[in-house]
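So this one's start.pdb, PDB, C-alpha atoms and all ligand atoms:
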ATOM      1  CA  MET W  11       0.000   0.000   0.000
ATOM      2  CA  ASN W  12       1.342   3.406  -0.891
ATOM      3  CA  LEU W  13       0.261   6.382   1.154
ATOM      4  CA  THR W  14       0.069  10.010   0.095
ATOM      5  CA  ASN W  15       1.754  12.537   2.380
ATOM      6  CA  GLU W  16      -1.674  13.646   3.487
ATOM      7  CA  GLU W  17      -2.665  10.108   4.493
ATOM      8  CA  LYS W  18       0.619   9.677   6.333
ATOM      9  CA  SER W  19       0.245  12.867   8.296
ATOM     10  CA  LYS W  20      -3.338  11.967   9.233
ATOM     11  CA  LEU W  21      -2.104   8.693  10.772
ATOM     12  CA  GLU W  22       0.797  10.462  12.461
ATOM     13  CA  ASP W  23      -1.666  12.948  13.992
ATOM     14  CA  ILE W  24      -3.780  10.156  15.441
ATOM     15  CA  TYR W  25      -0.647   8.455  16.788
ATOM     16  CA  GLN W  26       0.586  11.672  18.428
ATOM     17  CA  ARG W  27      -2.790  12.367  19.995
ATOM     18  CA  PHE W  28      -2.761   8.966  21.718
ATOM     19  CA  LEU W  29       0.938   9.140  22.592
ATOM     20  CA  ASN W  30       0.376  12.320  24.597
ATOM     21  CA  ASP W  31      -3.061  11.530  25.980
ATOM     22  CA  GLU W  32      -3.221  11.682  29.780
ATOM     23  CA  LYS W  33      -5.186   8.438  30.045
ATOM     24  CA  ILE W  34      -2.815   6.603  27.729
ATOM     25  CA  LEU W  35       0.217   7.884  29.678
ATOM     26  CA  LYS W  36      -1.142   5.921  32.670
ATOM     27  CA  MET W  37      -0.189   2.757  30.796
ATOM     28  CA  LYS W  38       3.423   3.550  31.705
ATOM     29  CA  GLU W  39       2.606   2.433  35.247
ATOM     30  CA  ILE W  40       1.400  -1.001  34.140
ATOM     31  CA  SER W  41       4.386  -3.299  33.837
ATOM     32  CA  MET W  42       4.472  -6.386  31.642
ATOM     33  CA  HIS W  43       6.854  -8.914  30.072
ATOM     34  CA  ARG W  44       9.627  -8.544  32.623
ATOM     35  CA  GLY W  45      10.186  -4.841  32.967
ATOM     36  CA  SER W  46       8.469  -3.504  29.870
ATOM     37  CA  ASN W  47       5.303  -1.462  30.336
ATOM     38  CA  THR W  48       2.036  -1.454  28.399
ATOM     39  CA  TYR W  49       2.745   2.063  27.060
ATOM     40  CA  ILE W  50       6.030   1.189  25.349
ATOM     41  CA  HIS W  51       4.690  -2.224  24.343
ATOM     42  CA  SER W  52       1.553  -0.882  22.682
ATOM     43  CA  PHE W  53       3.255   1.834  20.635
ATOM     44  CA  LYS W  54       5.890  -0.666  19.511
ATOM     45  CA  VAL W  55       3.088  -2.956  18.356
ATOM     46  CA  ALA W  56       1.428  -0.024  16.568
ATOM     47  CA  LYS W  57       4.613   0.859  14.672
ATOM     48  CA  LEU W  58       5.235  -2.734  13.623
ATOM     49  CA  ALA W  59       1.607  -3.365  12.640
ATOM     50  CA  ILE W  60       1.522  -0.271  10.403
ATOM     51  CA  LYS W  61       4.874  -1.182   8.856
ATOM     52  CA  ARG W  62       3.635  -4.668   8.037
ATOM     53  CA  ALA W  63       0.283  -3.386   6.760
ATOM     54  CA  LEU W  64       2.035  -1.019   4.352
ATOM     55  CA  LYS W  65       3.875  -3.962   2.813
ATOM     56  CA  ARG W  66       0.578  -5.490   1.710
ATOM     57  CA  ARG W  67      -0.882  -4.783  -1.701
ATOM     58  CA  LYS W  68      -4.428  -4.963  -0.415
ATOM     59  CA  LYS W  69      -6.050  -1.720   0.704
ATOM     60  CA  LEU W  70      -6.435  -1.973   4.463
ATOM     61  CA  ASP W  71      -8.152   0.005   7.211
ATOM     62  CA  LEU W  72      -4.958   1.537   8.626
ATOM     63  CA  GLU W  73      -6.756   3.764  11.087
ATOM     64  CA  SER W  74      -8.382   0.772  12.781
ATOM     65  CA  ILE W  75      -5.067  -1.111  12.801
ATOM     66  CA  LEU W  76      -3.363   1.871  14.421
ATOM     67  CA  ILE W  77      -5.965   2.592  17.098
ATOM     68  CA  ALA W  78      -6.534  -1.079  17.945
ATOM     69  CA  SER W  79      -2.779  -1.630  18.322
ATOM     70  CA  ILE W  80      -2.498   1.275  20.723
ATOM     71  CA  LEU W  81      -5.516   0.139  22.784
ATOM     72  CA  HIS W  82      -5.213  -3.667  22.601
ATOM     73  CA  ASP W  83      -3.735  -3.877  26.124
ATOM     74  CA  TYR W  84      -5.642  -0.955  27.621
ATOM     75  CA  TYR W  85      -6.724  -3.033  30.637
ATOM     76  CA  LEU W  86      -5.173  -0.624  33.170
ATOM     77  CA  TYR W  87      -4.595  -2.929  36.128
ATOM     78  CA  ASP W  88      -1.532  -4.704  37.456
ATOM     79  CA  TRP W  89      -2.510  -8.383  37.294
ATOM     80  CA  ARG W  90       0.501  -9.353  39.396
ATOM     81  CA  LYS W  91      -1.002  -7.510  42.330
ATOM     82  CA  ASN W  92      -4.476  -9.012  42.119
ATOM     83  CA  LYS W  93      -4.949 -12.777  42.518
ATOM     84  CA  LYS W  94      -8.418 -12.833  41.012
ATOM     85  CA  LEU W  95      -7.387 -10.921  37.905
ATOM     86  CA  LYS W  96      -4.152 -12.892  37.586
ATOM     87  CA  LYS W  97      -5.937 -16.197  37.124
ATOM     88  CA  HIS W  98      -7.887 -15.121  34.048
ATOM     89  CA  HIS W  99      -5.723 -12.254  32.833
ATOM     90  CA  ALA W 100      -4.566 -13.814  29.558
ATOM     91  CA  SER W 101      -8.026 -14.757  28.365
ATOM     92  CA  ARG W 102     -10.009 -11.815  29.733
ATOM     93  CA  HIS W 103      -7.855  -8.741  29.236
ATOM     94  CA  PRO W 104      -8.896  -8.214  25.594
ATOM     95  CA  PHE W 105     -12.514  -7.775  26.713
ATOM     96  CA  ILE W 106     -11.564  -5.505  29.607
ATOM     97  CA  SER W 107      -9.447  -3.441  27.203
ATOM     98  CA  VAL W 108     -12.429  -3.074  24.842
ATOM     99  CA  GLU W 109     -14.658  -1.926  27.700
ATOM    100  CA  ASN W 110     -12.099   0.639  28.859
ATOM    101  CA  ALA W 111     -11.457   1.826  25.307
ATOM    102  CA  LYS W 112     -15.185   2.303  24.714
ATOM    103  CA  ARG W 113     -15.499   4.252  27.952
ATOM    104  CA  ASP W 114     -12.499   6.520  27.381
ATOM    105  CA  PHE W 115     -12.342   6.850  23.584
ATOM    106  CA  ASP W 116     -14.981   6.775  20.926
ATOM    107  CA  ILE W 117     -13.877   3.565  19.198
ATOM    108  CA  PRO W 118     -15.771   2.029  16.270
ATOM    109  CA  GLU W 119     -16.724  -1.677  16.120
ATOM    110  CA  SER W 120     -13.872  -2.371  13.668
ATOM    111  CA  VAL W 121     -11.375  -1.395  16.392
ATOM    112  CA  ALA W 122     -13.233  -3.284  19.149
ATOM    113  CA  TYR W 123     -13.155  -6.461  17.053
ATOM    114  CA  ILE W 124      -9.370  -6.311  16.505
ATOM    115  CA  ILE W 125      -8.793  -5.827  20.249
ATOM    116  CA  LYS W 126     -11.106  -8.739  21.170
ATOM    117  CA  VAL W 127      -9.278 -11.251  18.986
ATOM    118  CA  HIS W 128      -5.685 -10.151  19.630
ATOM    119  CA  MET W 129      -4.928 -13.064  21.987
ATOM    120  CA  TRP W 130      -5.182 -15.792  19.353
ATOM    121  CA  PRO W 131      -3.963 -18.588  19.541
ATOM    122  CA  TYR W 132      -4.116 -18.383  23.347
ATOM    123  CA  ASN W 133      -7.837 -17.659  23.030
ATOM    124  CA  PHE W 134      -8.101 -20.417  20.481
ATOM    125  CA  LYS W 135     -11.766 -19.886  19.578
ATOM    126  CA  MET W 136     -11.169 -16.215  18.801
ATOM    127  CA  PHE W 137      -9.391 -16.525  15.462
ATOM    128  CA  PRO W 138      -8.856 -13.088  13.873
ATOM    129  CA  LYS W 139     -11.022 -13.185  10.779
ATOM    130  CA  SER W 140      -9.950  -9.949   9.066
ATOM    131  CA  THR W 141      -6.525  -9.104   7.625
ATOM    132  CA  GLU W 142      -6.431  -6.048   9.893
ATOM    133  CA  ALA W 143      -6.969  -8.194  13.001
ATOM    134  CA  ARG W 144      -4.385 -10.752  11.899
ATOM    135  CA  ILE W 145      -1.782  -8.016  11.364
ATOM    136  CA  VAL W 146      -2.255  -6.653  14.910
ATOM    137  CA  ASN W 147      -2.304 -10.187  16.358
ATOM    138  CA  ASN W 148       0.964 -10.970  14.565
ATOM    139  CA  ALA W 149       2.691  -7.742  15.525
ATOM    140  CA  ASP W 150       1.676  -8.247  19.168
ATOM    141  CA  ASN W 151       3.004 -11.817  19.201
ATOM    142  CA  ILE W 152       6.328 -10.715  17.697
ATOM    143  CA  ILE W 153       6.845  -7.797  20.094
ATOM    144  CA  ALA W 154       5.681  -9.789  23.145
ATOM    145  CA  THR W 155       8.050 -12.653  22.342
ATOM    146  CA  LYS W 156      10.976 -10.237  21.964
ATOM    147  CA  GLU W 157      10.099  -8.594  25.274
ATOM    148  CA  VAL W 158       9.881 -11.896  27.109
ATOM    149  CA  PHE W 159      13.342 -12.865  25.872
ATOM    150  CA  THR W 160      14.953  -9.526  26.726
ATOM    151  CA  SER W 161      16.195  -9.245  30.301
ATOM    152  CA  LYS W 162      14.689  -6.757  32.728
ATOM    153  CA  LYS W 163      18.137  -5.284  33.237
ATOM    154  CA  HIS W 164      18.509  -4.581  29.524
ATOM    155  CA  LYS W 165      15.029  -3.033  29.358
ATOM    156  CA  ASP W 166      15.630  -0.815  32.379
ATOM    157  CA  LYS W 167      18.881   0.379  30.870
ATOM    158  CA  ASN W 168      17.335   1.116  27.498
ATOM    159  CA  VAL W 169      14.051   2.706  28.489
ATOM    160  CA  ASP W 170      15.074   6.087  26.991
ATOM    161  CA  LYS W 171      15.959   4.380  23.745
ATOM    162  CA  TYR W 172      12.528   2.748  23.588
ATOM    163  CA  LEU W 173      10.802   6.042  24.356
ATOM    164  CA  ASP W 174      12.826   7.690  21.609
ATOM    165  CA  TYR W 175      11.930   4.912  19.161
ATOM    166  CA  ILE W 176       8.180   5.286  19.748
ATOM    167  CA  LYS W 177       8.226   9.105  19.511
ATOM    168  CA  THR W 178       6.868   9.043  15.960
ATOM    169  CA  LEU W 179       4.896   6.559  13.887
ATOM    170  CA  PHE W 180       6.990   6.986  10.721
TER     171      PHE W 180
HETATM  172 FE    FE W 201      -2.651  -8.478  25.173
HETATM  173 FE    FE W 202       0.057  -6.902  23.703
END

Hey, can you dump this file as structure tokens for me?
Amino acid sequence: MNLTNEEKSKLEDIYQRFLNDEKILKMKEISMHRGSNTYIHSFKVAKLAIKRALKRRKKLDLESILIASILHDYYLYDWRKNKKLKKHHASRHPFISVENAKRDFDIPESVAYIIKVHMWPYNFKMFPKSTEARIVNNADNIIATKEVFTSKKHKDKNVDKYLDYIKTLF
């Protein structure tokens, strides 16, 4: 997919709005994957998902891919600190993220769907049926795997580098 400069700057605007949103900044406090946090994680997923979507020939709904990537882990609780939530975190957090995203941002159904199915194959019955949903699911799996295999020490040391990397979408 080739984008015009206008299309690119529209996506960049959306990205920047979320990146600096007060509610989204709270995701920095939610740690995950050994020392990463949901803020850095989600914007990394967004960058990778858009990059991979642009490699496709098919015309895709890039806005939904972008917003769903940013909000896919918008569950806003620390599951390590809550036994009840910990037990079902992996299977339930997509639905909690959708609820929170609907409450805090005006998301369309296309975005809600991508968030709901992002935990495939863990949530085995929730196979992502659209290309957009599969792209976000893939990008999330790639980034999450990398994070799990990177030590906490390395992440702590490089947090400024990560923040610099996610500063812009393109
Ligand atoms: Fe997730
Ligand atoms: Fe994720």

Nearest residue to ligand FE 202 (chain W) from the set W:Ser52, W:Asn133, W:Ser140, W:Ser120 (distances using only C-alpha atoms and all ligand atoms): W:Ser52

Could you check how far CA of Val146 (chain W) sits from CA of Trp89 (chain W), in Å to one decimal? 22.5 Å

As a quick test: using all atoms listed in the file, which residues lie no more than 7 Å away from ligand FE 201 (chain W)? Give them as a PyMOL selection string. chain W and resi 82-83+103-104+128-129

Evaluate the PyMOL selection byres (((chain W and resi 42) around 9) and not hetatm) on the structure here and hand back the selected residues as a PDB file with C-alpha atoms, in the frame of the given file.
ATOM      1  CA  ILE W  40       1.400  -1.001  34.140  1.00  0.00           C
ATOM      2  CA  SER W  41       4.386  -3.299  33.837  1.00  0.00           C
ATOM      3  CA  HIS W  43       6.854  -8.914  30.072  1.00  0.00           C
ATOM      4  CA  ARG W  44       9.627  -8.544  32.623  1.00  0.00           C
ATOM      5  CA  GLY W  45      10.186  -4.841  32.967  1.00  0.00           C
ATOM      6  CA  SER W  46       8.469  -3.504  29.870  1.00  0.00           C
ATOM      7  CA  ASN W  47       5.303  -1.462  30.336  1.00  0.00           C
ATOM      8  CA  THR W  48       2.036  -1.454  28.399  1.00  0.00           C
ATOM      9  CA  HIS W  51       4.690  -2.224  24.343  1.00  0.00           C
ATOM     10  CA  ASP W  88      -1.532  -4.704  37.456  1.00  0.00           C
ATOM     11  CA  GLU W 157      10.099  -8.594  25.274  1.00  0.00           C
ATOM     12  CA  VAL W 158       9.881 -11.896  27.109  1.00  0.00           C
TER      13      VAL W 158
END

Using only C-alpha atoms, pick whichever of W:Asp174, W:Glu17, W:Asp31, W:Glu22 has the shortest atom-to-atom distance to Phe115 (chain W).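 Among the listed residues, W:Asp31 lies closest to Phe115 (chain W).
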
Separation of CA of Phe28 (chain W) from CA of Leu72 (chain W) in Å: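 That distance, rounded to one decimal, is 15.2 Å.
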
Between W:Leu35, W:Asp166, W:Ile152, W:Glu142, single out the one closest to Ile60 (chain W), counting only C-alpha atoms. W:Glu142

Point-to-point distance from CA of Tyr85 (chain W) to CA of Ala122 (chain W), Å rounded to tenths: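 A separation of 13.2 Å between them.
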
Out of W:Val55, W:Val127, W:Leu173, W:Leu29, which residue has the shortest atom-to-atom distance to Ser79 (chain W) when counting only C-alpha atoms?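 Using only C-alpha atoms, the shortest distance to Ser79 (chain W) belongs to W:Val55.
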
I need region 37-150 of chain W written out with C-alpha atoms, as a CSV table (one decimal), in the first residue's frame; please produce it.
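Generated output (selection06.csv):
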chain,number,residue,atom,x,y,z
W,37,MET,CA,-0.2,2.8,30.8
W,38,LYS,CA,3.4,3.6,31.7
W,39,GLU,CA,2.6,2.4,35.2
W,40,ILE,CA,1.4,-1.0,34.1
W,41,SER,CA,4.4,-3.3,33.8
W,42,MET,CA,4.5,-6.4,31.6
W,43,HIS,CA,6.9,-8.9,30.1
W,44,ARG,CA,9.6,-8.5,32.6
W,45,GLY,CA,10.2,-4.8,33.0
W,46,SER,CA,8.5,-3.5,29.9
W,47,ASN,CA,5.3,-1.5,30.3
W,48,THR,CA,2.0,-1.5,28.4
W,49,TYR,CA,2.7,2.1,27.1
W,50,ILE,CA,6.0,1.2,25.3
W,51,HIS,CA,4.7,-2.2,24.3
W,52,SER,CA,1.6,-0.9,22.7
W,53,PHE,CA,3.3,1.8,20.6
W,54,LYS,CA,5.9,-0.7,19.5
W,55,VAL,CA,3.1,-3.0,18.4
W,56,ALA,CA,1.4,0.0,16.6
W,57,LYS,CA,4.6,0.9,14.7
W,58,LEU,CA,5.2,-2.7,13.6
W,59,ALA,CA,1.6,-3.4,12.6
W,60,ILE,CA,1.5,-0.3,10.4
W,61,LYS,CA,4.9,-1.2,8.9
W,62,ARG,CA,3.6,-4.7,8.0
W,63,ALA,CA,0.3,-3.4,6.8
W,64,LEU,CA,2.0,-1.0,4.4
W,65,LYS,CA,3.9,-4.0,2.8
W,66,ARG,CA,0.6,-5.5,1.7
W,67,ARG,CA,-0.9,-4.8,-1.7
W,68,LYS,CA,-4.4,-5.0,-0.4
W,69,LYS,CA,-6.0,-1.7,0.7
W,70,LEU,CA,-6.4,-2.0,4.5
W,71,ASP,CA,-8.2,0.0,7.2
W,72,LEU,CA,-5.0,1.5,8.6
W,73,GLU,CA,-6.8,3.8,11.1
W,74,SER,CA,-8.4,0.8,12.8
W,75,ILE,CA,-5.1,-1.1,12.8
W,76,LEU,CA,-3.4,1.9,14.4
W,77,ILE,CA,-6.0,2.6,17.1
W,78,ALA,CA,-6.5,-1.1,17.9
W,79,SER,CA,-2.8,-1.6,18.3
W,80,ILE,CA,-2.5,1.3,20.7
W,81,LEU,CA,-5.5,0.1,22.8
W,82,HIS,CA,-5.2,-3.7,22.6
W,83,ASP,CA,-3.7,-3.9,26.1
W,84,TYR,CA,-5.6,-1.0,27.6
W,85,TYR,CA,-6.7,-3.0,30.6
W,86,LEU,CA,-5.2,-0.6,33.2
W,87,TYR,CA,-4.6,-2.9,36.1
W,88,ASP,CA,-1.5,-4.7,37.5
W,89,TRP,CA,-2.5,-8.4,37.3
W,90,ARG,CA,0.5,-9.4,39.4
W,91,LYS,CA,-1.0,-7.5,42.3
W,92,ASN,CA,-4.5,-9.0,42.1
W,93,LYS,CA,-4.9,-12.8,42.5
W,94,LYS,CA,-8.4,-12.8,41.0
W,95,LEU,CA,-7.4,-10.9,37.9
W,96,LYS,CA,-4.2,-12.9,37.6
W,97,LYS,CA,-5.9,-16.2,37.1
W,98,HIS,CA,-7.9,-15.1,34.0
W,99,HIS,CA,-5.7,-12.3,32.8
W,100,ALA,CA,-4.6,-13.8,29.6
W,101,SER,CA,-8.0,-14.8,28.4
W,102,ARG,CA,-10.0,-11.8,29.7
W,103,HIS,CA,-7.9,-8.7,29.2
W,104,PRO,CA,-8.9,-8.2,25.6
W,105,PHE,CA,-12.5,-7.8,26.7
W,106,ILE,CA,-11.6,-5.5,29.6
W,107,SER,CA,-9.4,-3.4,27.2
W,108,VAL,CA,-12.4,-3.1,24.8
W,109,GLU,CA,-14.7,-1.9,27.7
W,110,ASN,CA,-12.1,0.6,28.9
W,111,ALA,CA,-11.5,1.8,25.3
W,112,LYS,CA,-15.2,2.3,24.7
W,113,ARG,CA,-15.5,4.3,28.0
W,114,ASP,CA,-12.5,6.5,27.4
W,115,PHE,CA,-12.3,6.9,23.6
W,116,ASP,CA,-15.0,6.8,20.9
W,117,ILE,CA,-13.9,3.6,19.2
W,118,PRO,CA,-15.8,2.0,16.3
W,119,GLU,CA,-16.7,-1.7,16.1
W,120,SER,CA,-13.9,-2.4,13.7
W,121,VAL,CA,-11.4,-1.4,16.4
W,122,ALA,CA,-13.2,-3.3,19.1
W,123,TYR,CA,-13.2,-6.5,17.1
W,124,ILE,CA,-9.4,-6.3,16.5
W,125,ILE,CA,-8.8,-5.8,20.2
W,126,LYS,CA,-11.1,-8.7,21.2
W,127,VAL,CA,-9.3,-11.3,19.0
W,128,HIS,CA,-5.7,-10.2,19.6
W,129,MET,CA,-4.9,-13.1,22.0
W,130,TRP,CA,-5.2,-15.8,19.4
W,131,PRO,CA,-4.0,-18.6,19.5
W,132,TYR,CA,-4.1,-18.4,23.3
W,133,ASN,CA,-7.8,-17.7,23.0
W,134,PHE,CA,-8.1,-20.4,20.5
W,135,LYS,CA,-11.8,-19.9,19.6
W,136,MET,CA,-11.2,-16.2,18.8
W,137,PHE,CA,-9.4,-16.5,15.5
W,138,PRO,CA,-8.9,-13.1,13.9
W,139,LYS,CA,-11.0,-13.2,10.8
W,140,SER,CA,-9.9,-9.9,9.1
W,141,THR,CA,-6.5,-9.1,7.6
W,142,GLU,CA,-6.4,-6.0,9.9
W,143,ALA,CA,-7.0,-8.2,13.0
W,144,ARG,CA,-4.4,-10.8,11.9
W,145,ILE,CA,-1.8,-8.0,11.4
W,146,VAL,CA,-2.3,-6.7,14.9
W,147,ASN,CA,-2.3,-10.2,16.4
W,148,ASN,CA,1.0,-11.0,14.6
W,149,ALA,CA,2.7,-7.7,15.5
W,150,ASP,CA,1.7,-8.2,19.2
